[in-house]
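Structure data follow from final_36.txt (compact mmCIF, C-alpha atoms):
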```txt
# COMPACT_ATOMS: atom_id res chain seq x y z
CA MET A 1 0.00 0.00 0.00
CA ILE A 2 1.28 3.46 -0.90
CA ARG A 3 1.32 5.77 2.11
CA MET A 4 0.69 9.44 1.38
CA ARG A 5 3.76 11.54 2.07
CA TYR A 6 4.85 15.01 1.02
CA PRO A 7 7.01 13.84 -1.94
CA LEU A 8 3.84 12.28 -3.36
CA ALA A 9 1.35 14.92 -2.20
CA ILE A 10 3.25 17.89 -3.61
CA PRO A 11 3.23 16.70 -7.26
CA LEU A 12 -0.45 15.80 -6.90
CA PHE A 13 -1.30 19.30 -5.74
CA LEU A 14 0.89 20.76 -8.48
CA LEU A 15 -0.96 18.70 -11.07
CA ALA A 16 -4.28 19.86 -9.65
CA PHE A 17 -3.12 23.49 -9.79
CA LEU A 18 -2.00 23.17 -13.41
CA ILE A 19 -5.18 21.39 -14.49
CA GLN A 20 -7.35 23.99 -12.79
CA THR A 21 -5.61 27.04 -14.21
CA THR A 22 -4.80 25.78 -17.71
CA MET A 23 -7.44 23.19 -18.62
CA LEU A 24 -10.62 23.24 -16.54
CA TRP A 25 -11.71 26.76 -17.52
CA ARG A 26 -11.93 25.66 -21.15
CA ILE A 27 -14.90 23.40 -20.33
CA PRO A 28 -17.19 25.58 -18.22
CA ILE A 29 -20.50 24.30 -16.93
CA ALA A 30 -23.09 27.02 -16.32
CA GLY A 31 -20.26 29.49 -16.84
CA PHE A 32 -18.06 28.05 -14.09
CA SER A 33 -15.48 25.33 -13.69
CA PRO A 34 -14.66 23.55 -10.41
CA ASN A 35 -12.00 24.64 -7.95
CA LEU A 36 -9.88 21.51 -8.01
CA LEU A 37 -7.46 22.81 -5.39
CA LEU A 38 -10.32 23.44 -2.99
CA CYS A 39 -11.48 19.85 -3.44
CA MET A 40 -7.95 18.58 -2.85
CA VAL A 41 -7.68 20.63 0.36
CA VAL A 42 -11.03 19.26 1.57
CA VAL A 43 -10.13 15.64 0.82
CA PHE A 44 -6.60 15.83 2.19
CA SER A 45 -7.79 17.60 5.34
CA PHE A 46 -10.57 15.10 5.93
CA ILE A 47 -8.96 11.74 5.30
CA TYR A 48 -5.38 12.33 6.45
CA HIS A 49 -4.24 12.87 10.00
CA GLU A 50 -1.19 14.77 8.78
CA ARG A 51 -1.43 18.47 7.91
CA PHE A 52 -1.22 18.01 4.13
CA GLY A 53 -4.32 20.08 3.60
CA LEU A 54 -2.93 23.03 5.58
CA ILE A 55 0.67 23.12 4.30
CA LEU A 56 -0.14 22.39 0.67
CA GLY A 57 -3.30 24.49 0.78
CA ILE A 58 -1.22 27.49 1.84
CA SER A 59 1.51 26.82 -0.74
CA PHE A 60 -0.72 26.25 -3.71
CA GLY A 61 -3.26 28.80 -2.57
CA LEU A 62 -0.48 31.38 -2.84
CA LEU A 63 0.39 30.10 -6.31
CA LEU A 64 -3.27 30.36 -7.33
CA ASP A 65 -3.43 33.91 -5.98
CA ILE A 66 -0.24 34.90 -7.78
CA SER A 67 -1.50 33.45 -11.03
CA THR A 68 -5.19 34.36 -11.19
CA SER A 69 -6.09 36.78 -8.43
CA LEU A 70 -5.84 40.52 -7.92
CA TYR A 71 -4.53 40.17 -4.38
CA LEU A 72 -2.16 37.78 -2.65
CA GLY A 73 -3.60 35.66 0.13
CA VAL A 74 -7.30 35.64 -0.78
CA GLN A 75 -7.67 31.99 -1.75
CA THR A 76 -4.98 31.04 0.75
CA ILE A 77 -6.89 32.44 3.72
CA SER A 78 -9.98 30.65 2.45
CA PHE A 79 -8.11 27.33 2.26
CA VAL A 80 -6.78 27.74 5.83
CA VAL A 81 -10.27 28.45 7.18
CA ILE A 82 -11.68 25.46 5.29
CA PHE A 83 -8.90 23.26 6.67
CA VAL A 84 -9.85 24.25 10.22
CA ILE A 85 -13.56 23.63 9.63
CA VAL A 86 -13.00 20.27 7.93
CA ARG A 87 -10.68 19.19 10.76
CA VAL A 88 -13.37 19.96 13.30
CA PHE A 89 -15.80 17.75 11.41
CA ARG A 90 -13.11 15.07 11.03
CA ASN A 91 -12.98 14.75 14.80
CA VAL A 92 -16.71 14.14 14.89
CA PHE A 93 -17.45 12.06 11.81
CA ASN A 94 -15.89 8.96 10.28
CA HIS A 95 -13.07 10.11 8.02
CA GLU A 96 -13.44 7.00 5.86
CA SER A 97 -16.96 7.97 4.85
CA MET A 98 -17.12 9.12 1.24
CA LEU A 99 -20.54 10.71 1.67
CA THR A 100 -19.34 12.80 4.61
CA ASP A 101 -16.32 13.88 2.61
CA MET A 102 -18.53 14.86 -0.30
CA LEU A 103 -20.74 16.87 2.03
CA MET A 104 -17.59 18.60 3.29
CA GLY A 105 -17.00 19.63 -0.31
CA VAL A 106 -20.48 21.11 -0.50
CA LEU A 107 -19.97 22.92 2.83
CA ALA A 108 -16.59 24.28 1.77
CA THR A 109 -17.90 25.78 -1.48
CA PRO A 110 -20.03 28.66 -0.12
CA ILE A 111 -17.44 29.32 2.58
CA ASN A 112 -14.74 29.67 -0.08
CA ILE A 113 -16.88 31.82 -2.41
CA LEU A 114 -18.17 34.16 0.28
CA LEU A 115 -14.82 34.51 2.02
CA VAL A 116 -13.07 35.32 -1.27
CA TRP A 117 -15.82 37.84 -2.09
CA LEU A 118 -15.57 39.41 1.38
CA LEU A 119 -11.79 39.75 1.25
CA ASN A 120 -11.90 41.26 -2.26
CA ARG A 121 -14.66 43.61 -1.12
CA MET A 122 -12.51 44.72 1.83
CA MET A 123 -9.76 45.54 -0.65
CA GLY A 124 -12.14 47.71 -2.66
CA GLU A 125 -13.42 45.44 -5.44
CA GLN A 126 -17.00 46.26 -6.33
CA ILE A 127 -18.30 42.82 -7.31
CA SER A 128 -21.91 42.27 -6.30
CA ILE A 129 -22.67 39.54 -3.78
CA VAL A 130 -25.48 38.39 -6.07
CA LEU A 131 -22.90 37.28 -8.61
CA ALA A 132 -21.05 35.40 -5.89
CA LEU A 133 -24.24 33.75 -4.65
CA LYS A 134 -25.19 32.67 -8.18
CA SER A 135 -21.98 30.67 -8.44
CA ILE A 136 -22.60 28.67 -5.25
CA LEU A 137 -25.12 26.14 -6.59
CA PRO A 138 -23.31 25.03 -9.77
CA LEU A 139 -19.95 24.91 -7.97
CA SER A 140 -21.40 22.99 -5.01
CA ILE A 141 -22.70 20.29 -7.33
CA MET A 142 -19.41 20.05 -9.18
CA HIS A 143 -17.40 19.92 -5.95
CA PHE A 144 -19.74 17.30 -4.47
CA LEU A 145 -18.94 14.97 -7.36
CA LEU A 146 -15.27 15.86 -7.60
CA VAL A 147 -14.62 15.29 -3.89
CA GLY A 148 -16.25 11.88 -4.24
CA VAL A 149 -13.88 10.96 -7.05
CA LEU A 150 -10.83 12.22 -5.17
CA HIS A 151 -11.91 10.44 -2.00
CA PHE A 152 -12.24 7.20 -3.94
CA LEU A 153 -8.77 7.69 -5.43
CA PHE A 154 -6.96 8.51 -2.20
CA ILE A 155 -8.74 6.51 0.50
CA GLY A 156 -6.64 3.49 -0.42
CA THR A 157 -3.56 5.32 0.88
CA VAL A 158 -5.14 5.63 4.33
CA ILE A 159 -6.78 2.32 5.03
CA LYS A 160 -5.59 -0.88 3.35
CA TYR A 161 -8.23 -3.37 4.41
CA ARG A 162 -11.33 -1.23 4.62
CA GLN A 163 -13.64 -4.24 4.73
CA ASP A 164 -11.95 -5.52 7.89
CA MET A 165 -13.90 -3.92 10.72
CA ARG A 166 -11.20 -4.78 13.25
CA PHE A 167 -8.41 -3.07 11.34
CA THR A 168 -7.81 0.31 12.93
CA GLY A 169 -5.33 1.68 10.37
CA ASN A 170 -2.51 1.96 12.87
CA PHE A 171 0.74 0.39 11.69
CA MET B 1 2.99 32.29 26.91
CA SER B 2 1.78 29.04 28.44
CA PHE B 3 -1.58 29.65 26.78
CA PHE B 4 0.04 29.54 23.34
CA TYR B 5 2.03 26.45 24.31
CA ARG B 6 -1.05 24.67 25.58
CA HIS B 7 -2.99 25.59 22.46
CA ARG B 8 -0.24 25.07 19.91
CA THR B 9 -2.40 24.19 16.94
CA PHE B 10 -4.69 27.15 17.47
CA SER B 11 -1.69 29.46 17.91
CA ILE B 12 -0.01 28.24 14.74
CA ILE B 13 -3.17 28.64 12.67
CA ALA B 14 -3.86 32.08 14.15
CA ALA B 15 -0.30 33.15 13.37
CA VAL B 16 -0.59 31.84 9.80
CA LEU B 17 -3.88 33.73 9.28
CA LEU B 18 -2.33 36.91 10.66
CA VAL B 19 0.63 36.63 8.30
CA LEU B 20 -1.70 36.01 5.35
CA LEU B 21 -3.82 39.05 6.25
CA ILE B 22 -0.72 41.19 6.36
CA LEU B 23 0.31 39.76 2.99
CA LEU B 24 -3.12 40.62 1.62
CA LEU B 25 -2.88 44.22 2.81
CA VAL B 26 0.65 44.59 1.43
CA SER B 27 -0.39 43.18 -1.97
CA SER B 28 -3.31 45.60 -2.01
CA ALA B 29 -0.95 48.50 -1.39
CA PHE B 30 1.38 47.33 -4.16
CA LYS B 31 -1.38 46.37 -6.61
CA GLU B 32 -0.54 49.08 -9.13
CA LYS B 33 3.23 48.83 -8.65
CA ASP B 34 5.75 46.33 -9.94
CA ASN B 35 6.88 43.81 -7.38
CA ALA B 36 10.11 41.93 -8.11
CA LEU B 37 9.24 38.90 -5.98
CA GLY B 38 5.72 38.55 -7.36
CA SER B 39 6.94 39.08 -10.91
CA ALA B 40 9.60 36.40 -10.51
CA ALA B 41 7.07 33.96 -9.06
CA ARG B 42 4.61 34.63 -11.88
CA GLY B 43 7.36 34.18 -14.42
CA TYR B 44 8.28 30.73 -13.08
CA ILE B 45 4.66 29.67 -12.79
CA ALA B 46 4.00 30.72 -16.40
CA VAL B 47 6.90 28.56 -17.59
CA ILE B 48 5.16 25.40 -16.33
CA GLN B 49 1.65 26.58 -17.25
CA LYS B 50 2.44 27.22 -20.91
CA PRO B 51 2.96 23.58 -22.01
CA PHE B 52 -0.15 22.46 -20.11
CA SER B 53 -2.16 25.22 -21.72
CA ALA B 54 -0.84 24.28 -25.15
CA LEU B 55 -1.71 20.63 -24.48
CA ALA B 56 -5.22 21.55 -23.37
CA SER B 57 -5.69 23.75 -26.41
CA GLY B 58 -4.47 20.97 -28.68
CA ILE B 59 -6.80 18.43 -27.11
CA GLY B 60 -9.70 20.85 -27.39
CA ASN B 61 -8.98 21.53 -31.06
CA ALA B 62 -8.57 17.83 -31.84
CA LEU B 63 -11.83 16.89 -30.14
CA GLY B 64 -13.64 19.74 -31.82
CA GLY B 65 -12.27 18.73 -35.21
CA ALA B 66 -13.29 15.11 -34.77
CA PHE B 67 -16.94 16.07 -34.53
CA SER B 68 -17.16 18.72 -37.20
CA ASP B 69 -16.60 19.06 -40.88
CA ASP B 70 -13.04 20.30 -41.37
CA ALA B 71 -13.73 22.32 -44.48
CA LEU B 72 -16.69 24.12 -42.98
CA ALA B 73 -14.79 24.80 -39.79
CA ALA B 74 -11.86 26.30 -41.69
CA GLU B 75 -14.16 28.45 -43.82
CA ASN B 76 -16.04 29.59 -40.73
CA LYS B 77 -12.79 30.58 -39.03
CA GLU B 78 -11.65 32.52 -42.10
CA LEU B 79 -14.95 34.35 -42.34
CA LYS B 80 -14.83 35.26 -38.65
CA GLU B 81 -11.36 36.73 -39.06
CA LYS B 82 -12.47 38.74 -42.08
CA LEU B 83 -15.52 39.98 -40.22
CA ALA B 84 -13.41 41.07 -37.25
CA GLN B 85 -11.05 42.94 -39.59
CA ALA B 86 -13.98 44.58 -41.40
CA GLN B 87 -15.50 45.70 -38.10
CA SER B 88 -12.17 47.14 -37.07
CA ASP B 89 -11.85 49.02 -40.38
CA LEU B 90 -15.38 50.36 -40.05
CA THR B 91 -14.63 51.66 -36.58
CA VAL B 92 -11.54 53.48 -37.80
CA ALA B 93 -13.44 54.90 -40.79
CA ARG B 94 -16.07 56.38 -38.46
CA LEU B 95 -13.42 58.49 -36.78
CA ASP B 96 -12.62 60.70 -39.75
CA ARG B 97 -10.15 63.54 -39.57
CA GLU B 98 -12.65 66.24 -38.59
CA GLU B 99 -13.96 64.22 -35.64
CA LEU B 100 -10.45 63.30 -34.50
CA ASP B 101 -9.60 67.00 -34.39
CA GLN B 102 -12.69 67.60 -32.28
CA LEU B 103 -11.66 64.80 -29.91
CA LYS B 104 -8.13 66.19 -29.70
CA SER B 105 -9.43 69.58 -28.69
CA LEU B 106 -11.60 67.91 -26.05
CA GLN B 107 -8.60 65.95 -24.79
CA GLU B 108 -6.65 69.17 -24.43
CA LEU B 109 -9.61 70.63 -22.55
CA PHE B 110 -9.56 67.70 -20.11
CA GLY B 111 -5.79 67.87 -19.80
CA SER B 112 -5.26 64.43 -21.32
CA SER B 113 -2.10 63.71 -23.30
CA LEU B 114 -3.06 60.66 -25.33
CA ASP B 115 -0.43 59.35 -27.66
CA MET B 116 -2.10 59.20 -31.09
CA THR B 117 0.66 57.27 -32.83
CA GLU B 118 -0.26 54.04 -34.58
CA LYS B 119 -0.26 50.92 -32.42
CA SER B 120 0.44 47.40 -33.58
CA ALA B 121 -1.31 44.33 -32.17
CA LEU B 122 0.58 41.37 -30.73
CA SER B 123 -1.28 38.09 -30.58
CA ALA B 124 -1.19 36.17 -27.27
CA ASN B 125 -2.78 33.06 -25.79
CA VAL B 126 -4.55 32.92 -22.45
CA ILE B 127 -2.59 30.38 -20.41
CA ALA B 128 -4.12 30.60 -16.96
CA LEU B 129 -7.56 31.52 -15.75
CA ASP B 130 -9.47 30.43 -12.66
CA GLY B 131 -12.84 29.32 -13.99
CA SER B 132 -14.27 28.97 -10.49
CA SER B 133 -13.70 32.64 -9.74
CA ILE B 134 -16.15 35.45 -10.43
CA TYR B 135 -13.20 37.78 -11.04
CA ASN B 136 -11.84 38.10 -14.54
CA VAL B 137 -8.09 38.07 -14.08
CA PHE B 138 -5.96 35.89 -16.29
CA SER B 139 -2.43 35.34 -17.58
CA ILE B 140 -1.19 35.46 -21.15
CA ASP B 141 1.91 33.92 -22.68
CA LYS B 142 3.64 37.12 -23.83
CA GLY B 143 5.44 39.59 -21.61
CA SER B 144 8.00 42.36 -21.51
CA ASN B 145 10.29 40.54 -23.92
CA ALA B 146 7.66 41.09 -26.62
CA GLY B 147 7.23 44.75 -25.74
CA ILE B 148 4.27 44.42 -23.36
CA GLY B 149 4.27 46.63 -20.29
CA ARG B 150 1.92 47.64 -17.49
CA ASN B 151 -1.27 49.29 -18.82
CA SER B 152 -0.86 47.78 -22.29
CA VAL B 153 -4.34 47.46 -23.74
CA VAL B 154 -5.70 43.98 -24.40
CA ILE B 155 -8.40 43.39 -27.02
CA SER B 156 -10.02 40.44 -28.72
CA GLY B 157 -11.88 40.00 -32.00
CA ASP B 158 -15.07 41.05 -30.19
CA GLY B 159 -13.77 44.16 -28.50
CA LEU B 160 -12.01 45.59 -25.48
CA VAL B 161 -10.86 43.03 -22.92
CA GLY B 162 -8.85 45.03 -20.39
CA ARG B 163 -5.31 46.06 -19.59
CA VAL B 164 -2.09 44.49 -18.41
CA LEU B 165 -1.70 44.67 -14.64
CA SER B 166 1.87 43.42 -14.53
CA ALA B 167 4.28 42.05 -17.10
CA GLU B 168 7.06 39.56 -16.56
CA LYS B 169 9.55 38.55 -19.23
CA ASN B 170 7.41 35.90 -20.94
CA SER B 171 3.99 36.34 -19.38
CA ALA B 172 1.63 39.03 -18.23
CA LYS B 173 -1.33 39.33 -15.89
CA VAL B 174 -4.43 40.97 -17.34
CA VAL B 175 -7.42 42.48 -15.56
CA SER B 176 -10.66 42.82 -17.49
CA ILE B 177 -12.65 46.03 -17.80
CA LEU B 178 -15.32 44.44 -15.59
CA ASN B 179 -12.86 44.45 -12.69
CA GLU B 180 -11.17 47.64 -13.75
CA SER B 181 -10.74 50.05 -10.87
CA ASN B 182 -10.22 52.96 -13.31
CA ASN B 183 -13.06 54.51 -15.28
CA VAL B 184 -13.06 53.79 -19.02
CA GLY B 185 -13.72 56.77 -21.30
CA ILE B 186 -16.53 55.99 -23.74
CA GLN B 187 -18.14 57.51 -26.79
CA ILE B 188 -21.44 56.60 -28.40
CA GLY B 189 -22.12 57.63 -31.98
CA ARG B 190 -25.47 58.67 -33.33
CA GLY B 191 -25.46 59.89 -36.94
CA GLU B 192 -22.90 62.68 -37.18
CA SER B 193 -22.67 63.21 -33.41
CA TYR B 194 -20.57 61.50 -30.78
CA PHE B 195 -21.44 61.64 -27.10
CA LEU B 196 -18.71 61.23 -24.51
CA GLY B 197 -18.81 59.73 -21.04
CA SER B 198 -17.22 57.15 -18.80
CA CYS B 199 -18.10 53.74 -17.41
CA LYS B 200 -16.87 51.01 -15.08
CA GLY B 201 -17.90 47.52 -13.96
CA ASP B 202 -21.12 47.28 -11.94
CA GLY B 203 -20.10 44.08 -10.18
CA LYS B 204 -22.78 42.05 -11.98
CA GLY B 205 -21.10 41.40 -15.32
CA SER B 206 -22.09 44.66 -17.03
CA LEU B 207 -20.70 48.17 -17.28
CA VAL B 208 -22.46 51.27 -15.98
CA GLY B 209 -21.65 54.91 -16.45
CA HIS B 210 -22.81 58.35 -17.45
CA LEU B 211 -22.72 60.53 -20.53
CA LEU B 212 -21.60 64.14 -20.27
CA ASP B 213 -24.26 65.42 -22.64
CA GLU B 214 -27.66 65.22 -20.94
CA ASP B 215 -29.39 65.75 -24.31
CA ALA B 216 -27.65 62.76 -25.89
CA ASP B 217 -30.02 60.88 -28.16
CA ILE B 218 -28.92 57.37 -27.20
CA LYS B 219 -30.92 54.25 -27.94
CA VAL B 220 -30.71 50.64 -26.76
CA GLY B 221 -28.43 48.71 -29.06
CA ASP B 222 -26.08 51.58 -29.87
CA THR B 223 -22.44 50.57 -30.08
CA VAL B 224 -20.17 51.90 -27.36
CA LEU B 225 -16.54 52.65 -28.22
CA THR B 226 -13.58 53.85 -26.22
CA SER B 227 -13.10 57.60 -26.47
CA GLY B 228 -9.39 57.73 -25.70
CA ILE B 229 -9.91 60.10 -22.79
CA GLY B 230 -8.12 58.93 -19.67
CA GLY B 231 -4.84 57.97 -21.27
CA ILE B 232 -5.02 54.19 -21.02
CA TYR B 233 -7.42 52.95 -23.70
CA PRO B 234 -6.98 54.37 -27.22
CA PRO B 235 -10.09 55.57 -29.09
CA GLY B 236 -12.25 53.48 -31.36
CA ILE B 237 -12.24 50.07 -29.64
CA VAL B 238 -15.63 48.41 -29.29
CA ILE B 239 -16.68 48.00 -25.65
CA GLY B 240 -20.23 46.73 -26.04
CA THR B 241 -23.80 47.80 -26.70
CA VAL B 242 -26.19 50.01 -24.77
CA LEU B 243 -28.65 48.04 -22.62
CA VAL B 244 -30.22 50.94 -20.74
CA ALA B 245 -30.10 54.71 -21.32
CA GLU B 246 -32.11 56.83 -18.92
CA PHE B 247 -32.06 59.60 -16.36
CA ASN B 248 -32.22 58.73 -12.70
CA GLU B 249 -32.72 60.85 -9.63
CA ASP B 250 -29.15 60.45 -8.37
CA SER B 251 -27.44 62.34 -11.15
CA PRO B 252 -28.18 65.08 -13.72
CA LEU B 253 -26.20 63.10 -16.28
CA LEU B 254 -27.59 60.43 -18.57
CA TYR B 255 -27.13 56.97 -17.03
CA VAL B 256 -26.12 54.12 -19.34
CA LYS B 257 -25.77 50.42 -18.79
CA ILE B 258 -23.58 48.58 -21.28
CA GLU B 259 -23.40 44.92 -22.15
CA PRO B 260 -19.77 44.00 -22.92
CA SER B 261 -19.18 42.55 -26.37
CA VAL B 262 -16.54 40.17 -25.04
CA TYR B 263 -17.35 36.90 -23.24
CA PHE B 264 -14.57 36.99 -20.67
CA LYS B 265 -14.80 33.43 -19.41
CA GLY B 266 -14.39 32.08 -22.94
CA LEU B 267 -11.25 33.97 -23.92
CA LYS B 268 -8.55 31.86 -25.47
CA LYS B 269 -6.76 34.25 -27.81
CA VAL B 270 -6.25 37.98 -27.33
CA ALA B 271 -4.24 40.78 -28.91
CA VAL B 272 -2.13 43.29 -26.99
CA LEU B 273 -1.65 46.78 -28.40
CA ILE B 274 2.00 47.84 -28.23
```
Take the structure in the file and write it out as structure tokens.
Amino acid sequence: MIRMRYPLAIPLFLLAFLIQTTMLWRIPIAGFSPNLLLCMVVVFSFIYHERFGLILGISFGLLLDISTSLYLGVQTISFVVIFVIVRVFRNVFNHESMLTDMLMGVLATPINILLVWLLNRMMGEQISIVLALKSILPLSIMHFLLVGVLHFLFIGTVIKYRQDMRFTGNF
Amino acid sequence: MSFFYRHRTFSIIAAVLLVLLILLLVSSAFKEKDNALGSAARGYIAVIQKPFSALASGIGNALGGAFSDDALAAENKELKEKLAQAQSDLTVARLDREELDQLKSLQELFGSSLDMTEKSALSANVIALDGSSIYNVFSIDKGSNAGIGRNSVVISGDGLVGRVLSAEKNSAKVVSILNESNNVGIQIGRGESYFLGSCKGDGKGSLVGHLLDEDADIKVGDTVLTSGIGGIYPPGIVIGTVLVAEFNEDSPLLYVKIEPSVYFKGLKKVAVLI
């Protein structure tokens, strides 16, 4: 079984960043394309005990801000807040549950959109909140599905014998 | 101190958030100024984004070609290019010498010093755009090495896109007119008359502004062009069409709402005026 470590996680996040900024926007659905990095942060924060979601969320959030944002730190702050919220839920719910992880993706979407809007508004950008609210539903649906796919791909690196109820995952 | 030690995780996250907030405020202060560190970072990021963008573009073109008739597609593309050129020529023809002189005298009146020399257009590809964001900021694959600098005007076949916010050696960051913090000088033509004004993004995907002439005979569907006043955007570039033209109680000037002619989320190829 492959254990998730930083030398593996970093290229995965880099790939997600490149796909999001160079490819995904070419196939918009309802005028939007999913935030792949947000989904990665949610999944990595929920299923892993280590702080992948925080460290890589900060690093690649900064790259995303440098590349496609007016201000540095907007998406990054959002990713840190989402990491904290997902971690709180991780302590309460089963982190192996795909459905719970997918619902985390749905929860993270409006938090990310509204926080980014609020921070840009504080810096003087005059984008209406109505436009931000309109993007929540299509993005929530996309993130719900995407988090499910990512959870399915990465859960094997956390628990090897998931059908064995007595296996706790501790090596 | 023992509080922070007992609550290490909370302290670390609070410290990280504080640093990020400071970073946000600093980037806001330096938004309109060149930043060596940011420019270097953007330059390196663009180097790895370009091949991915080219790959995505190639895949998109291949898939599109597989499901369409090649000959018709090629003819359609050629016709679109000819139409864009014809529209550009028509716009230039509208601004004949007598009207240019009138605009020049108005520019002098407003204290503007617009450079009226001919500009050439440099083609560039959009390499990075965050499709999940409601803000229209993107990166292109040409930079200062090709002659692009801050405030270089970016257009597409449909009209005005925006301006360059910062330029690195081989890439540049562009902000669209919808997110433009500066007002854009506009002119709307009706017969032999041109009415001047200014507009900016309304935060809902359109542009709103006012015309200086309260007696302007403007109708829905009129084409809105840049006027050249303001110093950034040269005159004669299509911005969009008039959606609403009316008086409201807040201002004695004529209020206009403009629908941009460019679909910002679908931009793949742009031209930069240098």
For chain B, report every residue with an atom at most 9 Å from chain A (counting all atoms listed in the file), formatted as a PDB file with C-alpha atoms, in the coordinates of the input.
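Output (selection_5.pdb):
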```
ATOM      1  CA  ILE B  13      -3.170  28.640  12.670  1.00  0.00           C
ATOM      2  CA  VAL B  16      -0.590  31.840   9.800  1.00  0.00           C
ATOM      3  CA  LEU B  17      -3.880  33.730   9.280  1.00  0.00           C
ATOM      4  CA  LEU B  20      -1.700  36.010   5.350  1.00  0.00           C
ATOM      5  CA  LEU B  21      -3.820  39.050   6.250  1.00  0.00           C
ATOM      6  CA  ILE B  22      -0.720  41.190   6.360  1.00  0.00           C
ATOM      7  CA  LEU B  23       0.310  39.760   2.990  1.00  0.00           C
ATOM      8  CA  LEU B  24      -3.120  40.620   1.620  1.00  0.00           C
ATOM      9  CA  LEU B  25      -2.880  44.220   2.810  1.00  0.00           C
ATOM     10  CA  VAL B  26       0.650  44.590   1.430  1.00  0.00           C
ATOM     11  CA  SER B  27      -0.390  43.180  -1.970  1.00  0.00           C
ATOM     12  CA  SER B  28      -3.310  45.600  -2.010  1.00  0.00           C
ATOM     13  CA  LYS B  31      -1.380  46.370  -6.610  1.00  0.00           C
ATOM     14  CA  GLY B  38       5.720  38.550  -7.360  1.00  0.00           C
ATOM     15  CA  SER B  39       6.940  39.080 -10.910  1.00  0.00           C
ATOM     16  CA  ALA B  41       7.070  33.960  -9.060  1.00  0.00           C
ATOM     17  CA  ARG B  42       4.610  34.630 -11.880  1.00  0.00           C
ATOM     18  CA  ILE B  45       4.660  29.670 -12.790  1.00  0.00           C
ATOM     19  CA  ALA B  46       4.000  30.720 -16.400  1.00  0.00           C
ATOM     20  CA  ILE B  48       5.160  25.400 -16.330  1.00  0.00           C
ATOM     21  CA  GLN B  49       1.650  26.580 -17.250  1.00  0.00           C
ATOM     22  CA  LYS B  50       2.440  27.220 -20.910  1.00  0.00           C
ATOM     23  CA  PHE B  52      -0.150  22.460 -20.110  1.00  0.00           C
ATOM     24  CA  SER B  53      -2.160  25.220 -21.720  1.00  0.00           C
ATOM     25  CA  ALA B  54      -0.840  24.280 -25.150  1.00  0.00           C
ATOM     26  CA  LEU B  55      -1.710  20.630 -24.480  1.00  0.00           C
ATOM     27  CA  ALA B  56      -5.220  21.550 -23.370  1.00  0.00           C
ATOM     28  CA  SER B  57      -5.690  23.750 -26.410  1.00  0.00           C
ATOM     29  CA  GLY B  60      -9.700  20.850 -27.390  1.00  0.00           C
ATOM     30  CA  VAL B 126      -4.550  32.920 -22.450  1.00  0.00           C
ATOM     31  CA  ILE B 127      -2.590  30.380 -20.410  1.00  0.00           C
ATOM     32  CA  ALA B 128      -4.120  30.600 -16.960  1.00  0.00           C
ATOM     33  CA  LEU B 129      -7.560  31.520 -15.750  1.00  0.00           C
ATOM     34  CA  ASP B 130      -9.470  30.430 -12.660  1.00  0.00           C
ATOM     35  CA  GLY B 131     -12.840  29.320 -13.990  1.00  0.00           C
ATOM     36  CA  SER B 132     -14.270  28.970 -10.490  1.00  0.00           C
ATOM     37  CA  SER B 133     -13.700  32.640  -9.740  1.00  0.00           C
ATOM     38  CA  ILE B 134     -16.150  35.450 -10.430  1.00  0.00           C
ATOM     39  CA  TYR B 135     -13.200  37.780 -11.040  1.00  0.00           C
ATOM     40  CA  ASN B 136     -11.840  38.100 -14.540  1.00  0.00           C
ATOM     41  CA  VAL B 137      -8.090  38.070 -14.080  1.00  0.00           C
ATOM     42  CA  PHE B 138      -5.960  35.890 -16.290  1.00  0.00           C
ATOM     43  CA  SER B 139      -2.430  35.340 -17.580  1.00  0.00           C
ATOM     44  CA  LEU B 165      -1.700  44.670 -14.640  1.00  0.00           C
ATOM     45  CA  LYS B 173      -1.330  39.330 -15.890  1.00  0.00           C
ATOM     46  CA  VAL B 175      -7.420  42.480 -15.560  1.00  0.00           C
ATOM     47  CA  LEU B 178     -15.320  44.440 -15.590  1.00  0.00           C
ATOM     48  CA  ASN B 179     -12.860  44.450 -12.690  1.00  0.00           C
ATOM     49  CA  GLU B 180     -11.170  47.640 -13.750  1.00  0.00           C
ATOM     50  CA  SER B 181     -10.740  50.050 -10.870  1.00  0.00           C
ATOM     51  CA  GLY B 201     -17.900  47.520 -13.960  1.00  0.00           C
ATOM     52  CA  ASP B 202     -21.120  47.280 -11.940  1.00  0.00           C
ATOM     53  CA  GLY B 203     -20.100  44.080 -10.180  1.00  0.00           C
ATOM     54  CA  LYS B 204     -22.780  42.050 -11.980  1.00  0.00           C
ATOM     55  CA  GLY B 205     -21.100  41.400 -15.320  1.00  0.00           C
ATOM     56  CA  LYS B 265     -14.800  33.430 -19.410  1.00  0.00           C
ATOM     57  CA  GLY B 266     -14.390  32.080 -22.940  1.00  0.00           C
ATOM     58  CA  LEU B 267     -11.250  33.970 -23.920  1.00  0.00           C
ATOM     59  CA  LYS B 268      -8.550  31.860 -25.470  1.00  0.00           C
TER      60      LYS B 268
END
```
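Atom pair CA of Val242 in chain B / CA of Ser193 in chain B has a distance of 16.2 Å (rounded to one decimal).
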> Skipping near chain neighbours, those fewer than 6 positions away, what residues fall within 7 Å of range 206-218 of chain B using only C-alpha atoms, listed as a VMD selection string?
Replying inline: chain B and resid 178 195 to 200 245 253 to 260
> Expressed in Å to a single decimal, how great is the separation between CA of Asp141 in chain B and CA of Gly230 in chain B?
Replying inline: 27.1 Å
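Here CA of Ile177 in chain B is placed at a distance of 10.7 Å from CA of Val164 in chain B.
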>> When you look at Ala271 in chain B with a cut-off of 9 Å (counting only C-alpha atoms), what residues show up, excluding the ones that are within fewer than 2 positions of it in the same chain? I need them as number ranges by chain.
In response: B: 121-125, 153-157, 269, 273
